[in-house]
Each structure stands twice: as structure tokens, then as C-alpha cells.
$ cat data.cif   # mmCIF, C-alpha atoms
data_final
#
loop_
_atom_site.label_atom_id
_atom_site.label_comp_id
_atom_site.auth_asym_id
_atom_site.auth_seq_id
_atom_site.Cartn_x
_atom_site.Cartn_y
_atom_site.Cartn_z
CA MET Z 1 -36.04 0.82 11.93
CA ARG Z 2 -33.54 1.42 9.15
CA VAL Z 3 -32.03 4.70 7.98
CA LEU Z 4 -30.13 5.28 4.73
CA GLY Z 5 -27.31 7.80 5.24
CA ILE Z 6 -25.80 9.95 2.48
CA GLU Z 7 -22.52 11.85 2.95
CA THR Z 8 -21.29 14.24 0.23
CA SER Z 9 -19.82 17.18 2.14
CA CYS Z 10 -16.40 17.24 0.46
CA ASP Z 11 -14.42 14.71 -1.58
CA GLU Z 12 -15.82 11.36 -0.44
CA THR Z 13 -19.18 9.85 -1.36
CA GLY Z 14 -20.42 7.72 1.53
CA ILE Z 15 -23.61 5.68 1.65
CA ALA Z 16 -24.64 3.46 4.55
CA ILE Z 17 -27.66 1.75 6.07
CA TYR Z 18 -28.08 1.62 9.84
CA ASP Z 19 -30.56 -0.54 11.73
CA ASP Z 20 -31.42 0.52 15.28
CA GLU Z 21 -31.35 -3.12 16.41
CA ALA Z 22 -28.89 -4.88 14.11
CA GLY Z 23 -26.44 -1.99 13.73
CA LEU Z 24 -24.57 -1.15 10.53
CA LEU Z 25 -25.94 -3.20 7.62
CA ALA Z 26 -24.07 -1.63 4.70
CA ASN Z 27 -21.27 0.89 4.23
CA GLN Z 28 -20.20 1.99 0.76
CA LEU Z 29 -17.51 4.61 0.18
CA TYR Z 30 -15.94 6.17 -2.87
CA SER Z 31 -12.91 8.44 -2.44
CA GLN Z 32 -12.09 11.16 -4.96
CA ILE Z 33 -8.37 11.22 -4.14
CA LYS Z 34 -7.36 10.42 -7.72
CA VAL Z 35 -9.68 13.15 -9.06
CA HIS Z 36 -7.99 15.88 -7.02
CA ALA Z 37 -4.43 14.55 -6.69
CA ASP Z 38 -3.10 16.48 -9.70
CA TYR Z 39 -4.31 19.75 -8.15
CA GLY Z 40 -2.87 19.16 -4.69
CA GLY Z 41 -6.24 19.74 -3.03
CA VAL Z 42 -9.99 19.51 -3.47
CA VAL Z 43 -11.48 21.30 -6.49
CA PRO Z 44 -15.12 22.02 -5.48
CA GLU Z 45 -16.60 21.83 -8.97
CA LEU Z 46 -14.93 18.49 -9.70
CA ALA Z 47 -16.07 17.18 -6.32
CA SER Z 48 -19.69 18.06 -7.04
CA ARG Z 49 -19.61 16.46 -10.48
CA ASP Z 50 -18.13 13.26 -9.11
CA HIS Z 51 -20.78 13.07 -6.38
CA ILE Z 52 -23.43 13.31 -9.10
CA ARG Z 53 -21.90 10.31 -10.86
CA LYS Z 54 -21.37 8.15 -7.78
CA THR Z 55 -24.21 8.77 -5.31
CA VAL Z 56 -27.01 6.78 -6.92
CA PRO Z 57 -24.84 3.76 -7.87
CA LEU Z 58 -23.52 3.63 -4.30
CA ILE Z 59 -27.08 3.74 -2.92
CA GLN Z 60 -27.92 0.78 -5.14
CA ALA Z 61 -24.78 -1.02 -3.95
CA ALA Z 62 -25.65 -0.38 -0.29
CA LEU Z 63 -29.16 -1.78 -0.72
CA LYS Z 64 -27.68 -4.83 -2.42
CA GLU Z 65 -25.05 -5.26 0.33
CA ALA Z 66 -27.76 -5.19 2.99
CA ASN Z 67 -30.09 -7.37 0.90
CA LEU Z 68 -32.80 -4.72 1.21
CA SER Z 69 -35.13 -2.80 -1.09
CA ALA Z 70 -36.55 0.71 -0.92
CA GLU Z 71 -39.56 -0.61 1.00
CA ASP Z 72 -37.26 -1.58 3.88
CA ILE Z 73 -35.99 1.97 4.48
CA ASP Z 74 -37.78 4.06 7.13
CA ALA Z 75 -35.94 7.36 6.65
CA VAL Z 76 -33.24 8.98 4.52
CA ALA Z 77 -30.57 11.05 6.27
CA TYR Z 78 -28.21 13.35 4.39
CA THR Z 79 -25.41 15.73 5.31
CA ALA Z 80 -26.83 19.26 5.20
CA GLY Z 81 -23.62 21.00 6.32
CA PRO Z 82 -21.03 22.16 6.94
CA GLY Z 83 -19.07 21.52 3.76
CA LEU Z 84 -18.70 22.55 0.13
CA VAL Z 85 -22.03 24.00 -0.99
CA GLY Z 86 -22.11 22.23 -4.37
CA ALA Z 87 -21.16 18.88 -2.90
CA LEU Z 88 -23.73 19.25 -0.12
CA MET Z 89 -26.45 20.09 -2.67
CA VAL Z 90 -25.88 16.80 -4.49
CA GLY Z 91 -26.44 14.61 -1.43
CA ALA Z 92 -29.25 16.77 -0.06
CA THR Z 93 -31.13 16.82 -3.37
CA VAL Z 94 -30.76 13.09 -3.93
CA GLY Z 95 -31.69 12.34 -0.32
CA ARG Z 96 -34.75 14.58 -0.31
CA ALA Z 97 -35.92 13.24 -3.68
CA LEU Z 98 -35.53 9.62 -2.55
CA ALA Z 99 -37.39 10.30 0.69
CA PHE Z 100 -40.23 11.89 -1.28
CA SER Z 101 -40.44 9.07 -3.80
CA TRP Z 102 -40.21 6.39 -1.09
CA ASP Z 103 -42.75 8.27 1.09
CA VAL Z 104 -40.48 8.33 4.14
CA PRO Z 105 -39.10 11.23 6.21
CA ALA Z 106 -35.90 13.02 5.24
CA VAL Z 107 -33.49 13.97 8.03
CA PRO Z 108 -30.83 16.69 7.63
CA VAL Z 109 -27.64 15.84 9.55
CA HIS Z 110 -24.80 18.02 10.80
CA HIS Z 111 -21.53 16.65 9.45
CA MET Z 112 -19.58 17.27 12.66
CA GLU Z 113 -22.28 15.71 14.82
CA GLY Z 114 -21.86 12.66 12.63
CA HIS Z 115 -18.14 12.59 13.41
CA LEU Z 116 -18.78 13.21 17.10
CA LEU Z 117 -21.20 10.27 17.32
CA ALA Z 118 -19.14 7.88 15.14
CA PRO Z 119 -17.49 6.15 18.17
CA MET Z 120 -20.98 5.00 19.13
CA LEU Z 121 -20.82 2.63 16.16
CA GLU Z 122 -18.30 0.59 18.18
CA GLU Z 123 -18.94 -1.95 20.93
CA ASN Z 124 -17.17 0.20 23.51
CA GLN Z 125 -19.38 3.28 23.46
CA PRO Z 126 -18.86 6.41 25.58
CA ASP Z 127 -21.50 7.50 28.06
CA PHE Z 128 -22.37 11.16 28.57
CA PRO Z 129 -20.85 13.48 29.59
CA PHE Z 130 -17.53 13.66 27.76
CA VAL Z 131 -15.11 16.04 26.11
CA ALA Z 132 -14.99 15.68 22.33
CA LEU Z 133 -11.90 16.48 20.28
CA LEU Z 134 -13.07 17.00 16.70
CA VAL Z 135 -9.91 17.04 14.65
CA SER Z 136 -9.93 16.92 10.86
CA GLY Z 137 -8.83 18.79 7.77
CA GLY Z 138 -11.40 21.51 8.30
CA HIS Z 139 -11.97 21.56 12.06
CA THR Z 140 -10.04 21.37 15.31
CA GLN Z 141 -12.44 21.87 18.21
CA LEU Z 142 -12.84 20.90 21.84
CA ILE Z 143 -16.46 20.50 22.87
CA SER Z 144 -18.21 19.72 26.13
CA VAL Z 145 -20.88 17.10 25.39
CA THR Z 146 -23.57 16.41 28.00
CA GLY Z 147 -26.12 14.86 25.64
CA ILE Z 148 -27.29 14.77 22.03
CA GLY Z 149 -27.39 18.38 20.90
CA GLU Z 150 -26.01 19.59 24.24
CA TYR Z 151 -22.73 20.96 22.93
CA THR Z 152 -20.61 23.75 24.37
CA LEU Z 153 -17.58 24.94 22.40
CA LEU Z 154 -14.54 25.05 24.67
CA GLY Z 155 -11.87 25.93 22.12
CA GLU Z 156 -11.07 25.83 18.41
CA SER Z 157 -8.34 26.59 15.92
CA ILE Z 158 -7.93 30.27 15.14
CA ASP Z 159 -6.24 29.50 11.81
CA ASP Z 160 -5.30 26.19 10.15
CA ALA Z 161 -6.97 23.05 11.46
CA ALA Z 162 -4.63 20.22 12.47
CA GLY Z 163 -5.48 18.11 9.43
CA GLU Z 164 -4.94 21.08 7.12
CA ALA Z 165 -1.53 21.70 8.69
CA PHE Z 166 -0.65 18.02 8.20
CA ASP Z 167 -1.56 18.18 4.50
CA LYS Z 168 0.26 21.47 3.87
CA THR Z 169 3.42 20.31 5.61
CA ALA Z 170 3.29 17.02 3.72
CA LYS Z 171 3.12 18.98 0.47
CA LEU Z 172 6.23 20.93 1.52
CA LEU Z 173 7.95 17.57 2.05
CA GLY Z 174 7.05 16.54 -1.50
CA LEU Z 175 4.36 14.04 -0.56
CA ASP Z 176 1.32 13.46 -2.75
CA TYR Z 177 -2.20 14.59 -1.82
CA PRO Z 178 -3.67 13.84 0.65
CA GLY Z 179 -0.40 14.09 2.49
CA GLY Z 180 -1.40 13.77 6.15
CA PRO Z 181 -1.43 9.96 6.31
CA ALA Z 182 1.76 9.80 4.21
CA LEU Z 183 3.51 12.22 6.58
CA SER Z 184 2.55 10.01 9.53
CA ARG Z 185 3.98 6.95 7.81
CA MET Z 186 7.17 8.86 7.04
CA ALA Z 187 7.39 10.00 10.69
CA LEU Z 188 7.72 6.38 11.79
CA GLN Z 189 11.22 6.39 10.27
CA GLY Z 190 12.17 9.71 11.87
CA THR Z 191 14.77 10.27 14.57
CA PRO Z 192 13.19 11.60 17.77
CA GLY Z 193 14.61 14.92 18.94
CA ARG Z 194 16.73 15.83 15.92
CA PHE Z 195 14.33 18.70 15.26
CA VAL Z 196 12.02 20.26 17.84
CA PHE Z 197 9.07 22.44 16.85
CA PRO Z 198 6.98 24.71 19.08
CA ARG Z 199 3.82 23.52 20.82
CA PRO Z 200 1.71 26.52 19.81
CA MET Z 201 -0.46 28.34 22.37
CA THR Z 202 0.39 25.89 25.15
CA ASP Z 203 2.38 28.54 27.06
CA ARG Z 204 -0.76 30.53 27.86
CA PRO Z 205 -4.18 29.77 29.34
CA GLY Z 206 -7.08 28.72 27.16
CA LEU Z 207 -8.23 25.92 24.89
CA ASP Z 208 -7.85 27.46 21.44
CA PHE Z 209 -5.43 26.06 18.87
CA SER Z 210 -3.13 27.56 16.25
CA PHE Z 211 -1.21 25.43 13.76
CA SER Z 212 -0.24 28.02 11.14
CA GLY Z 213 2.99 28.96 12.94
CA LEU Z 214 3.92 25.32 13.37
CA LYS Z 215 3.53 24.81 9.63
CA THR Z 216 5.78 27.84 9.05
CA ALA Z 217 8.41 26.44 11.42
CA ALA Z 218 8.38 23.19 9.50
CA ALA Z 219 8.65 25.04 6.18
CA ASN Z 220 11.70 27.01 7.39
CA THR Z 221 13.35 23.83 8.64
CA ILE Z 222 12.74 22.08 5.31
CA HIS Z 223 14.33 24.97 3.40
CA GLN Z 224 17.35 25.16 5.73
CA ASN Z 225 18.31 21.48 5.55
CA ASP Z 226 19.19 18.87 2.95
CA ASP Z 227 16.45 16.98 1.17
CA SER Z 228 17.56 13.46 2.05
CA ASP Z 229 14.90 10.91 2.93
CA GLN Z 230 16.15 10.69 6.53
CA THR Z 231 16.02 14.45 7.04
CA LYS Z 232 12.49 14.53 5.67
CA ALA Z 233 11.51 11.70 8.00
CA ASP Z 234 13.09 13.52 10.96
CA ILE Z 235 11.15 16.69 10.13
CA ALA Z 236 7.93 14.69 9.74
CA ARG Z 237 8.57 13.11 13.15
CA ALA Z 238 9.15 16.48 14.78
CA PHE Z 239 6.02 17.95 13.20
CA GLU Z 240 3.80 15.04 14.20
CA ASP Z 241 5.18 15.07 17.76
CA ALA Z 242 4.42 18.79 18.04
CA VAL Z 243 0.82 18.37 16.84
CA VAL Z 244 0.19 15.36 19.08
CA ASP Z 245 1.71 17.07 22.13
CA THR Z 246 -0.37 20.18 21.52
CA LEU Z 247 -3.61 18.23 21.18
CA ILE Z 248 -2.89 16.22 24.32
CA ILE Z 249 -2.02 19.30 26.40
CA LYS Z 250 -5.25 21.02 25.39
CA CYS Z 251 -7.35 17.89 25.96
CA LYS Z 252 -5.92 17.51 29.48
CA ARG Z 253 -6.85 21.12 30.18
CA ALA Z 254 -10.39 20.56 28.89
CA LEU Z 255 -10.84 17.47 31.05
CA VAL Z 256 -9.63 19.34 34.14
CA GLN Z 257 -11.85 22.31 33.34
CA THR Z 258 -14.99 20.19 32.89
CA GLY Z 259 -14.22 17.52 35.45
CA PHE Z 260 -15.10 14.84 32.90
CA LYS Z 261 -13.24 11.52 32.73
CA ARG Z 262 -14.09 10.52 29.16
CA LEU Z 263 -12.64 11.87 25.93
CA VAL Z 264 -14.00 11.18 22.46
CA MET Z 265 -11.70 11.74 19.47
CA ALA Z 266 -13.31 12.03 16.05
CA GLY Z 267 -12.45 13.22 12.56
CA GLY Z 268 -9.77 12.15 10.12
CA VAL Z 269 -6.76 13.03 12.30
CA SER Z 270 -8.17 10.86 15.10
CA ALA Z 271 -7.09 7.85 13.01
CA ASN Z 272 -3.44 8.85 13.58
CA ARG Z 273 -1.80 5.92 15.36
CA THR Z 274 0.63 8.01 17.41
CA LEU Z 275 -2.16 10.29 18.61
CA ARG Z 276 -4.32 7.32 19.62
CA GLU Z 277 -1.56 5.57 21.53
CA ARG Z 278 -0.41 8.63 23.42
CA MET Z 279 -3.92 9.90 24.13
CA ALA Z 280 -4.91 6.51 25.54
CA GLN Z 281 -1.83 6.56 27.77
CA THR Z 282 -2.68 10.07 28.93
CA LEU Z 283 -6.27 9.19 29.80
CA THR Z 284 -5.17 6.10 31.69
CA LYS Z 285 -2.83 8.21 33.83
CA LEU Z 286 -5.73 10.61 34.51
CA GLY Z 287 -8.00 7.72 35.51
CA GLY Z 288 -10.19 8.22 32.46
CA GLU Z 289 -10.76 6.63 29.06
CA ALA Z 290 -10.40 7.63 25.43
CA PHE Z 291 -12.93 6.58 22.78
CA TYR Z 292 -12.70 6.65 18.99
CA ALA Z 293 -14.12 4.92 15.95
CA ARG Z 294 -12.22 2.39 13.85
CA PRO Z 295 -9.92 4.20 11.37
CA GLU Z 296 -12.18 3.75 8.34
CA LEU Z 297 -15.02 5.49 10.19
CA CYS Z 298 -12.88 8.48 11.20
CA THR Z 299 -12.77 10.02 7.74
CA ASP Z 300 -15.96 11.14 6.00
CA ASN Z 301 -18.38 8.22 5.63
CA GLY Z 302 -22.06 7.39 5.33
CA ALA Z 303 -22.16 5.24 8.47
CA MET Z 304 -21.80 8.21 10.81
CA ILE Z 305 -24.54 10.08 8.91
CA ALA Z 306 -26.87 7.08 9.05
CA LEU Z 307 -26.29 6.75 12.82
CA ALA Z 308 -26.72 10.46 13.53
CA GLY Z 309 -29.74 10.43 11.24
CA MET Z 310 -31.29 7.56 13.18
CA ILE Z 311 -30.80 9.38 16.47
CA ARG Z 312 -32.26 12.62 15.12
CA PHE Z 313 -35.07 10.74 13.35
CA LYS Z 314 -36.11 9.13 16.62
CA GLY Z 315 -35.91 12.56 18.22
CA GLY Z 316 -38.43 13.94 15.76
CA MET Z 317 -36.19 15.85 13.34
CA ARG Z 318 -37.53 16.10 9.79
CA SER Z 319 -36.86 18.29 6.76
CA GLY Z 320 -39.50 20.03 4.72
CA LEU Z 321 -39.90 19.56 0.99
CA GLY Z 322 -37.35 22.26 0.27
CA VAL Z 323 -33.64 21.51 0.04
CA THR Z 324 -31.51 23.65 2.32
CA VAL Z 325 -27.80 23.22 3.01
CA ARG Z 326 -25.51 25.20 5.31
CA PRO Z 327 -21.85 25.39 4.23
CA ARG Z 328 -21.14 27.06 7.57
CA TRP Z 329 -23.09 25.65 10.49
CA PRO Z 330 -21.92 25.99 14.10
CA LEU Z 331 -22.39 22.74 15.99
CA ALA Z 332 -23.72 24.63 19.03
CA GLU Z 333 -26.78 25.68 16.99
CA LEU Z 334 -28.13 22.11 16.92
CA PRO Z 335 -31.17 21.61 19.14
CA PRO Z 336 -30.93 19.12 22.04
CA LEU Z 337 -33.10 16.02 22.02
CA ASP Z 338 -36.11 16.17 24.27
CA LYS Z 339 -35.47 14.34 27.50
#
$ encode --input "data.cif" --output "C-alpha cells"
Amino acid sequence: MRVLGIETSCDETGIAIYDDEAGLLANQLYSQIKVHADYGGVVPELASRDHIRKTVPLIQAALKEANLSAEDIDAVAYTAGPGLVGALMVGATVGRALAFSWDVPAVPVHHMEGHLLAPMLEENQPDFPFVALLVSGGHTQLISVTGIGEYTLLGESIDDAAGEAFDKTAKLLGLDYPGGPALSRMALQGTPGRFVFPRPMTDRPGLDFSFSGLKTAAANTIHQNDDSDQTKADIARAFEDAVVDTLIIKCKRALVQTGFKRLVMAGGVSANRTLRERMAQTLTKLGGEAFYARPELCTDNGAMIALAGMIRFKGGMRSGLGVTVRPRWPLAELPPLDK
């Protein structure tokens, strides 16, 4: 069976085709970075308009890449939430219309479940149960995962998500949008230990996160020091080290609390090289293993939606003829697959 996946939750248009036997057949992605760069962040109306322009051509490109036609598609999956309501409506409307015209089922997909399952697109796939660290621009969550749809929230950010803090701090350093990846590259040139930032909420029990104060500490340090390239790199290094340390400390706590030995990292920040290296080292010391998708499948993409759509399609999930999206949609509300 083959599922066409459509992702339009924010500022990237992703289209992919997944085959339950052959794997990923096509993966097309268009990023709106240039559209939003002048504004320093995503402008929802511009995002929606760009999705309108790009979704159908990317679907055509994906079919061509896979050497398939509409008759070869068994279901259409689309991101139904969470995300920007206008952007979600574009993908959901196109997906539902295509499914109707092709006479195949339409499958609404939870964006974060797509991220959570993305490592299963790799050869080295995690078995259940595991702890999932969902870390992106909009979410920082620790989740106990015992099966598809069997999700228990262990902790989450009470203010800025890690990716959001990365982007805001990068902007303070004068880096262009999106600044998170640029800050990480700058941190490679930084001097370890010149600046030391707090590891927020690690001095108390619990698995929640807070990165707003860390961003403020970085802002104060930036304003109190010179603006040389080396100083900026040193601040970037200190900031990245603080975020990585905080995530690792909380993940270790979650693994101890659950007794699990596997950790899945997903979302845009999970592509961070320093985080991957240090998390892998940490899991090895604990006698466990860390799993994550290749970097290009960590940010928003159609492949993860096509995979999650295939799994939910096989589990019997279908949408009605109406188009419904959920800008806010707790992951724990997803139903488990029937055993």
C-alpha cells in the first residue's frame, strides 16, 4: 500500500509517498525561510498563501519522483494539527479534496506523532517502550511511549520551547532567521567555559522545562560584553551547552523514572550535532540507546506524515467529508491502535 503525506503546519511544505513494503518512495520539501526572513519569524498569512502556491506542484513532483500516478495511491494523509490554523487548512483541504477525487480514504495526522515516529523511517528503529524527547521550535516534551497512541506526558516546557529559545538568542546575537542552526555553527568556534549559564529547573525534582530565563541570561551577557565575533561565539557555546545539559539531565531522570532503556529524539532541535553526540554518550553509559531520524527528517517534512498516516490508515483511522483542523491538539488525546 502507498500513502501520500501532506505537511503544511507552519512554514515548510512537505509532500512524500510512503510504501509499506518499499519504504519512502518520494520526499519533496519547500522551505519558506526566504519568505519570512525579513520579518524575523513566521508570518501566518504569508505562510498560508505560500502553501497554496506550492502544495499541488509538490504533489505532482512527488508522483513524478516515485514514477506513480493517482491510481497508485491508496490513501492521503495530511497534518490536521497542531500548527497555524491557516496553514493547516491548506494541507487539510487539498488532502481531503484529493482523497475524494481519487476515491481513497483521507487520514488526519497529528504533527507531533509524525515527529515521534520519524526515527522509524531509519534502518535502526526503536522498539516499544521508549521515552520520547520531542524538541522543536514549538514544543519541548518528554513522553512515555508504550505503543502507537499510548502516550503519557512526563514533562514539558512551561514557557519557551528549546527551539524557540535558540532562535530568539540567535536573533540577539545578530544572526538571520532561522537562527537556531546558525547559533549552533557559531558555537563550534566558542571557547568552553568562558561564560556559564544556568541549567534551568535542574535543581529541583520534576521533568518540566523552562528556557525563558536562560534566554534572558544570554541577553544580559550579550549586552554586558563586546560584540566581537569571538565573544559572540563564546556566548553561543555557553548557551548551547546549557540547553544540551538541561535536556540530558531531564532525559536521564525520565529514563530512571520509567525504567526504559531507549530514548527517541525528534523535532528540529534533535538535529543538533552536539545534542546527538552527548545524548548518545549518555545513553551508552546508562546501558541504553538513543534513536533519531536523519537531520533532514527532523524538521517538518512530508515523510513523517506519510509514515504516521500509513500506520493510522492500517489501524482504521479515517476522516469524514468535512475538513477539521486543530491548532492546539494534545498528543495524549490520540487513540491507541487496537492490539
$ resolve_selection --input "data.cif" --expression "the PyMOL selection byres ((chain Z and resi 204-217) around 8)" --output "PDB file with C-alpha atoms, keeping the file's coordinate frame"
ATOM      1  CA  THR Z 140     -10.040  21.370  15.310  1.00  0.00           C
ATOM      2  CA  GLN Z 141     -12.440  21.870  18.210  1.00  0.00           C
ATOM      3  CA  LEU Z 142     -12.840  20.900  21.840  1.00  0.00           C
ATOM      4  CA  LEU Z 154     -14.540  25.050  24.670  1.00  0.00           C
ATOM      5  CA  GLY Z 155     -11.870  25.930  22.120  1.00  0.00           C
ATOM      6  CA  GLU Z 156     -11.070  25.830  18.410  1.00  0.00           C
ATOM      7  CA  SER Z 157      -8.340  26.590  15.920  1.00  0.00           C
ATOM      8  CA  ILE Z 158      -7.930  30.270  15.140  1.00  0.00           C
ATOM      9  CA  ASP Z 159      -6.240  29.500  11.810  1.00  0.00           C
ATOM     10  CA  ASP Z 160      -5.300  26.190  10.150  1.00  0.00           C
ATOM     11  CA  ALA Z 161      -6.970  23.050  11.460  1.00  0.00           C
ATOM     12  CA  ALA Z 162      -4.630  20.220  12.470  1.00  0.00           C
ATOM     13  CA  ALA Z 165      -1.530  21.700   8.690  1.00  0.00           C
ATOM     14  CA  LYS Z 168       0.260  21.470   3.870  1.00  0.00           C
ATOM     15  CA  THR Z 169       3.420  20.310   5.610  1.00  0.00           C
ATOM     16  CA  PHE Z 197       9.070  22.440  16.850  1.00  0.00           C
ATOM     17  CA  PRO Z 198       6.980  24.710  19.080  1.00  0.00           C
ATOM     18  CA  ARG Z 199       3.820  23.520  20.820  1.00  0.00           C
ATOM     19  CA  PRO Z 200       1.710  26.520  19.810  1.00  0.00           C
ATOM     20  CA  MET Z 201      -0.460  28.340  22.370  1.00  0.00           C
ATOM     21  CA  THR Z 202       0.390  25.890  25.150  1.00  0.00           C
ATOM     22  CA  ASP Z 203       2.380  28.540  27.060  1.00  0.00           C
ATOM     23  CA  ALA Z 218       8.380  23.190   9.500  1.00  0.00           C
ATOM     24  CA  ALA Z 219       8.650  25.040   6.180  1.00  0.00           C
ATOM     25  CA  ASN Z 220      11.700  27.010   7.390  1.00  0.00           C
ATOM     26  CA  THR Z 221      13.350  23.830   8.640  1.00  0.00           C
ATOM     27  CA  PHE Z 239       6.020  17.950  13.200  1.00  0.00           C
ATOM     28  CA  VAL Z 243       0.820  18.370  16.840  1.00  0.00           C
ATOM     29  CA  LYS Z 250      -5.250  21.020  25.390  1.00  0.00           C
ATOM     30  CA  ARG Z 253      -6.850  21.120  30.180  1.00  0.00           C
ATOM     31  CA  ALA Z 254     -10.390  20.560  28.890  1.00  0.00           C
TER      32      ALA Z 254
END
$ residues_around --input "data.cif" --residues "Leu84 in chain Z" --least-positions-apart "2" --cutoff "7 Å" --atoms "all atoms listed in the file" --output "PyMOL selection string"
chain Z and resi 9-10+44+86-88+327
$ closest_residue --input "data.cif" --among "Z:Gly322, Z:Gly163, Z:Pro119, Z:Gly95" --to "Val107 in chain Z" --atoms "all atoms listed in the file"
Z:Gly95
$ atom_distance --input "data.cif" --atom1 "CA of Ala132 in chain Z" --atom2 "CA of Gly14 in chain Z"
22.9 Å
$ resolve_selection --input "data.cif" --expression "the PyMOL selection byres ((chain Z and resi 313) around 9)" --output "number ranges by chain"
Z: 3, 75, 77, 105-107, 308-312, 314-318
$ residues_near_point --input "data.cif" --point "(4.1, 15.3, 4.1)" --cutoff "12 Å" --atoms "only C-alpha atoms" --output "ChimeraX atom specification"
/Z:40,163-187,215,218-219,222,229,232-240
$ residues_around --input "data.cif" --residues "range 27-32 of chain Z" --least-positions-apart "3" --cutoff "6 Å" --atoms "only C-alpha atoms" --output "MDAnalysis selection string"
chainID Z and resid 11:16 35
$ closest_atom_pairs --input "data.cif" --of "range 253-331 of chain Z" --to "range 120-123 of chain Z" --cutoff "10 Å" --atoms "only C-alpha atoms" --output "Markdown table"
| residue | atom | partner | partner_atom | distance |
| --- | --- | --- | --- | --- |
| Z:Val264 | CA | Z:Met120 | CA | 9.9 |
| Z:Phe291 | CA | Z:Met120 | CA | 9.0 |
| Z:Tyr292 | CA | Z:Glu122 | CA | 8.3 |
| Z:Ala293 | CA | Z:Glu122 | CA | 6.4 |
| Z:Arg294 | CA | Z:Glu122 | CA | 7.7 |
| Z:Leu297 | CA | Z:Leu121 | CA | 8.8 |
| Z:Ala303 | CA | Z:Leu121 | CA | 8.2 |
| Z:Met304 | CA | Z:Leu121 | CA | 7.8 |
| Z:Leu307 | CA | Z:Leu121 | CA | 7.6 |
| Z:Ala308 | CA | Z:Met120 | CA | 9.7 |
$ residues_around --input "data.cif" --residues "range 268-285 of chain Z" --least-positions-apart "6" --cutoff "7 Å" --atoms "only C-alpha atoms" --output "compact mmCIF listing (two decimals) with C-alpha atoms, keeping the file's coordinate frame"
# COMPACT_ATOMS: atom_id res chain seq x y z
CA VAL Z 135 -9.91 17.04 14.65
CA SER Z 136 -9.93 16.92 10.86
CA GLY Z 163 -5.48 18.11 9.43
CA VAL Z 244 0.19 15.36 19.08
CA ILE Z 248 -2.89 16.22 24.32
CA PRO Z 295 -9.92 4.20 11.37
CA CYS Z 298 -12.88 8.48 11.20
CA THR Z 299 -12.77 10.02 7.74
$ atom_distance --input "data.cif" --atom1 "CA of Ile249 in chain Z" --atom2 "CA of Tyr151 in chain Z"
21.1 Å
$ resolve_selection --input "data.cif" --expression "the PyMOL selection byres ((chain Z and resi 329) around 12)" --output "VMD selection string"
chain Z and resid 79 to 85 109 to 113 139 324 to 328 330 to 334
$ residues_around --input "data.cif" --residues "range 55-67 of chain Z" --least-positions-apart "3" --cutoff "6 Å" --atoms "all atoms listed in the file" --output "list in words"
Leu25, Ala26, His51 and Ile52 of chain Z
$ axis_aligned_box --input "data.cif" --around "range 146-158 of chain Z" --padding-each-side "5 Å" --output "AutoDock Vina command-line options"
--center_x -17.7 --center_y 22.5 --center_z 21.6 --size_x 29.5 --size_y 25.5 --size_z 22.9
$ atom_distance --input "data.cif" --atom1 "CA of Leu134 in chain Z" --atom2 "CA of Ala118 in chain Z"
11.1 Å
$ closest_residue --input "data.cif" --among "Z:Gln189, Z:Ser144, Z:Gln224, Z:Thr246" --to "Leu263 in chain Z" --atoms "all atoms listed in the file"
Z:Ser144
$ closest_residue --input "data.cif" --among "Z:Ala242, Z:Ala97, Z:Val131, Z:Leu153" --to "Val256 in chain Z" --atoms "all atoms listed in the file"
Z:Val131
$ closest_residue --input "data.cif" --among "Z:Val323, Z:Ala92, Z:Val42, Z:Ile148" --to "Gly5 in chain Z" --atoms "all atoms listed in the file"
Z:Ala92
$ closest_residue --input "data.cif" --among "Z:Ile33, Z:Leu98, Z:Leu133, Z:Val104" --to "Arg2 in chain Z" --atoms "only C-alpha atoms"
Z:Val104
$ closest_residue --input "data.cif" --among "Z:Met1, Z:Asp300, Z:Glu7, Z:Ala266" --to "Ala22 in chain Z" --atoms "only C-alpha atoms"
Z:Met1
$ decode --input "data.cif" --residues "range 85-97 of chain Z" --atoms "N, CA and C atoms" --output "PDB file, in the first residue's frame"
ATOM      1  N   VAL Z  85      -3.432  27.734  12.068  1.00  0.00           N
ATOM      2  CA  VAL Z  85      -4.727  27.284  11.554  1.00  0.00           C
ATOM      3  C   VAL Z  85      -4.844  27.486  10.044  1.00  0.00           C
ATOM      4  N   GLY Z  86      -4.395  28.613   9.518  1.00  0.00           N
ATOM      5  CA  GLY Z  86      -4.498  28.854   8.082  1.00  0.00           C
ATOM      6  C   GLY Z  86      -3.639  27.901   7.279  1.00  0.00           C
ATOM      7  N   ALA Z  87      -2.430  27.663   7.755  1.00  0.00           N
ATOM      8  CA  ALA Z  87      -1.531  26.736   7.075  1.00  0.00           C
ATOM      9  C   ALA Z  87      -2.087  25.317   7.114  1.00  0.00           C
ATOM     10  N   LEU Z  88      -2.603  24.908   8.256  1.00  0.00           N
ATOM     11  CA  LEU Z  88      -3.205  23.577   8.372  1.00  0.00           C
ATOM     12  C   LEU Z  88      -4.380  23.418   7.409  1.00  0.00           C
ATOM     13  N   MET Z  89      -5.184  24.462   7.269  1.00  0.00           N
ATOM     14  CA  MET Z  89      -6.374  24.382   6.406  1.00  0.00           C
ATOM     15  C   MET Z  89      -5.995  24.132   4.956  1.00  0.00           C
ATOM     16  N   VAL Z  90      -4.859  24.679   4.519  1.00  0.00           N
ATOM     17  CA  VAL Z  90      -4.435  24.465   3.135  1.00  0.00           C
ATOM     18  C   VAL Z  90      -4.182  22.980   2.880  1.00  0.00           C
ATOM     19  N   GLY Z  91      -3.325  22.369   3.703  1.00  0.00           N
ATOM     20  CA  GLY Z  91      -2.997  20.964   3.502  1.00  0.00           C
ATOM     21  C   GLY Z  91      -4.188  20.055   3.707  1.00  0.00           C
ATOM     22  N   ALA Z  92      -5.010  20.358   4.721  1.00  0.00           N
ATOM     23  CA  ALA Z  92      -6.173  19.522   5.004  1.00  0.00           C
ATOM     24  C   ALA Z  92      -7.191  19.588   3.872  1.00  0.00           C
ATOM     25  N   THR Z  93      -7.413  20.781   3.349  1.00  0.00           N
ATOM     26  CA  THR Z  93      -8.386  20.941   2.259  1.00  0.00           C
ATOM     27  C   THR Z  93      -7.909  20.252   0.988  1.00  0.00           C
ATOM     28  N   VAL Z  94      -6.641  20.470   0.652  1.00  0.00           N
ATOM     29  CA  VAL Z  94      -6.096  19.810  -0.539  1.00  0.00           C
ATOM     30  C   VAL Z  94      -6.112  18.293  -0.355  1.00  0.00           C
ATOM     31  N   GLY Z  95      -5.688  17.826   0.809  1.00  0.00           N
ATOM     32  CA  GLY Z  95      -5.647  16.389   1.059  1.00  0.00           C
ATOM     33  C   GLY Z  95      -7.018  15.752   1.005  1.00  0.00           C
ATOM     34  N   ARG Z  96      -7.997  16.401   1.630  1.00  0.00           N
ATOM     35  CA  ARG Z  96      -9.354  15.828   1.641  1.00  0.00           C
ATOM     36  C   ARG Z  96      -9.957  15.852   0.239  1.00  0.00           C
ATOM     37  N   ALA Z  97      -9.706  16.924  -0.516  1.00  0.00           N
ATOM     38  CA  ALA Z  97     -10.232  17.017  -1.876  1.00  0.00           C
ATOM     39  C   ALA Z  97      -9.615  15.958  -2.780  1.00  0.00           C
TER      40      ALA Z  97
END
